[in-house]
Amino acid sequence: MRFEGRLKSWNDERGFGFIEPAVGGEEIFVHIKSLPAGSGRPVVGLLSSFEVELGSQGKKRAKSVHFVRPSKQAPGRRAGQTARWTPARRLVLPCFFCIYVFVAWRWRVSPWVAVAYVVASLLAIVFYAIDKSAARRAGWRISEAALHWLGILGGWPGALLAQQLLRHKSSKPEFVAKYWATVVVNITGFVVVHSPVASRLFA
């Protein structure tokens, strides 16, 4: 027997949400595995039809879920689009480029430093893509700590691009705050290591 309802909440990071049945009653748990392949990212407010089964703990959950029609979405936030570019996100890469050029001009910077940033950034993009894919299929996730450490080691530019293009980890306040902390730590470390301060400290 099929029921109708509306998607009331959805956790894109963990790949599950809850459907509010049209007939009322308790909300029904729905996992991304219950959605048809290629259905795209669920949006809160979608009308759907579904069947109900009992999970391993005896709780109801939806299966064979089909979206009836998409709800209206705010301009600029349609499925498939990138995350919103805030002023800070737009400016951080150009600002760092200017800092890098100044430090390289004022003090000596090994060419391998630029290579390290590129490699770490590419790794960050790959890691974010893997983690997003794992979140959709409820697979093994890459820890947030590992993503942050990669940012501290120079991968934060790639992490920024991955957050924007993949729309992954870009709307979680706690993660975003820690991400910006990795940016500050990395840039500060880059400047200090190549400045006369470092030679005085390790002389």
# chains A, B, ... in the order shown; residues from 1 in each chain; ligands from 1
call {"tool": "select_by_dssp", "arguments": {"residues": "stretch 13-161 of chain A", "states": "strand (DSSP E)", "output": "list in words"}}
result
Phe16, Gly17, Phe18, Ile19, Glu20, Pro21, Ile28, Phe29, Val30, His31, Leu47, Ser48, Ser49, Phe50, Glu51, Val52, Glu53, Leu54, Lys60, Arg61, Ala62, Lys63, Ser64, Val65, His66, Phe67, Val68 and Arg69 of chain A
call {"tool": "residues_around", "arguments": {"residues": "A:His194", "least_positions_apart": "2", "cutoff": "10 Å", "atoms": "only C-alpha atoms", "output": "PyMOL selection string"}}
result
chain A and resi 103-104+106-110+189-192+196-199
call {"tool": "write_last_selection", "arguments": {"atoms": "C-alpha atoms", "output": "PDB file, in the first residue's frame"}}
result
ATOM      1  CA  VAL A 103      56.526  36.925   0.455  1.00  0.00           C
ATOM      2  CA  ALA A 104      58.276  35.416  -2.580  1.00  0.00           C
ATOM      3  CA  ARG A 106      60.477  39.992  -0.080  1.00  0.00           C
ATOM      4  CA  TRP A 107      61.956  36.701   1.098  1.00  0.00           C
ATOM      5  CA  ARG A 108      62.963  33.491  -0.624  1.00  0.00           C
ATOM      6  CA  VAL A 109      60.234  30.881  -1.273  1.00  0.00           C
ATOM      7  CA  SER A 110      61.109  27.486  -2.716  1.00  0.00           C
ATOM      8  CA  GLY A 189      52.467  29.700   9.125  1.00  0.00           C
ATOM      9  CA  PHE A 190      53.452  30.353   5.509  1.00  0.00           C
ATOM     10  CA  VAL A 191      54.335  33.981   6.258  1.00  0.00           C
ATOM     11  CA  VAL A 192      56.150  33.255   9.534  1.00  0.00           C
ATOM     12  CA  PRO A 196      63.158  36.686   9.284  1.00  0.00           C
ATOM     13  CA  VAL A 197      61.195  35.701  12.388  1.00  0.00           C
ATOM     14  CA  ALA A 198      61.757  32.031  11.593  1.00  0.00           C
ATOM     15  CA  SER A 199      65.538  32.490  11.216  1.00  0.00           C
TER      16      SER A 199
END
call {"tool": "closest_residue", "arguments": {"among": "A:Arg137, A:Arg14, A:Trp112, A:Thr86", "to": "A:Leu35", "atoms": "only C-alpha atoms"}}
result
A:Arg137
call {"tool": "residues_around", "arguments": {"residues": "stretch 115-130 of chain A", "least_positions_apart": "6", "cutoff": "10 Å", "atoms": "only C-alpha atoms", "output": "list in words"}}
result
Gly139, Trp140, Arg141, Ile142, Ser143, Glu144, Ala146, Leu147, His148, Leu150, Gly151, Ile152, Leu153, Gly154, Gly155, Trp156, Pro157, Gly158, Ala159, Leu160, Leu161, Ala162, Gln163, Leu165, Leu166, Arg167, His168 and Lys169 of chain A
call {"tool": "residues_around", "arguments": {"residues": "A:Lys33", "least_positions_apart": "3", "cutoff": "10 Å", "atoms": "only C-alpha atoms", "output": "PyMOL selection string"}}
result
chain A and resi 15-16+30+36-37+63-65+136-138
call {"tool": "select_by_dssp", "arguments": {"residues": "stretch 48-125 of chain A", "states": "helix (DSSP H, G or I)", "output": "mmCIF file with C-alpha atoms, in the first residue's frame"}}
result
data_model
loop_
_atom_site.group_PDB
_atom_site.id
_atom_site.type_symbol
_atom_site.label_atom_id
_atom_site.label_comp_id
_atom_site.auth_asym_id
_atom_site.auth_seq_id
_atom_site.Cartn_x
_atom_site.Cartn_y
_atom_site.Cartn_z
ATOM 1 C CA PRO A 87 32.541 37.952 -0.202
ATOM 2 C CA ALA A 88 35.055 36.134 2.001
ATOM 3 C CA ARG A 89 35.075 33.109 -0.297
ATOM 4 C CA ARG A 90 35.505 35.318 -3.358
ATOM 5 C CA LEU A 91 38.391 37.301 -1.887
ATOM 6 C CA VAL A 92 40.453 34.729 0.012
ATOM 7 C CA LEU A 93 42.202 33.206 -3.016
ATOM 8 C CA PRO A 94 43.151 36.540 -4.647
ATOM 9 C CA CYS A 95 44.328 37.844 -1.264
ATOM 10 C CA PHE A 96 46.466 34.773 -0.655
ATOM 11 C CA PHE A 97 47.936 35.086 -4.157
ATOM 12 C CA CYS A 98 48.984 38.648 -3.335
ATOM 13 C CA ILE A 99 50.464 37.515 -0.005
ATOM 14 C CA TYR A 100 52.335 34.683 -1.739
ATOM 15 C CA VAL A 101 53.781 37.038 -4.373
ATOM 16 C CA PHE A 102 54.837 39.553 -1.723
ATOM 17 C CA VAL A 103 56.526 36.925 0.455
ATOM 18 C CA ALA A 104 58.276 35.416 -2.580
ATOM 19 C CA TRP A 105 59.498 38.883 -3.581
ATOM 20 C CA ARG A 106 60.477 39.992 -0.080
ATOM 21 C CA PRO A 111 59.227 26.536 -5.928
ATOM 22 C CA TRP A 112 58.292 23.303 -4.174
ATOM 23 C CA VAL A 113 56.010 25.271 -1.861
ATOM 24 C CA ALA A 114 53.717 26.115 -4.785
ATOM 25 C CA VAL A 115 53.832 22.475 -5.881
ATOM 26 C CA ALA A 116 52.864 21.387 -2.362
ATOM 27 C CA TYR A 117 49.845 23.724 -2.390
ATOM 28 C CA VAL A 118 48.683 22.381 -5.754
ATOM 29 C CA VAL A 119 49.084 18.725 -4.727
ATOM 30 C CA ALA A 120 47.384 19.246 -1.353
ATOM 31 C CA SER A 121 44.528 21.129 -3.028
ATOM 32 C CA LEU A 122 43.989 18.360 -5.574
ATOM 33 C CA LEU A 123 43.951 15.819 -2.738
ATOM 34 C CA ALA A 124 41.406 17.951 -0.890
ATOM 35 C CA ILE A 125 39.100 18.019 -3.918
#
call {"tool": "residues_around", "arguments": {"residues": "A:His66", "least_positions_apart": "5", "cutoff": "12 Å", "atoms": "only C-alpha atoms", "output": "list in words"}}
result
Arg2, Phe3, Glu4, Gly5, Arg6, Leu7, Ile19, Val30, Ile32, Lys33, Ser34, Leu35, Pro36, Ala37, Gly38, Ser39, Gly40, Pro42, Leu46, Leu47, Ser48, Ser49, Phe50 and Glu51 of chain A
call {"tool": "atom_distance", "arguments": {"atom1": "atom CA of A:Val183", "atom2": "atom CA of A:Ser170"}}
result
14.6 Å
call {"tool": "residues_around", "arguments": {"residues": "stretch 55-57 of chain A", "least_positions_apart": "3", "cutoff": "12 Å", "atoms": "only C-alpha atoms", "output": "list in words"}}
result
Ile28, Phe29, Val30, His31, Val52, Lys60, Arg61, Ala62 and Lys63 of chain A
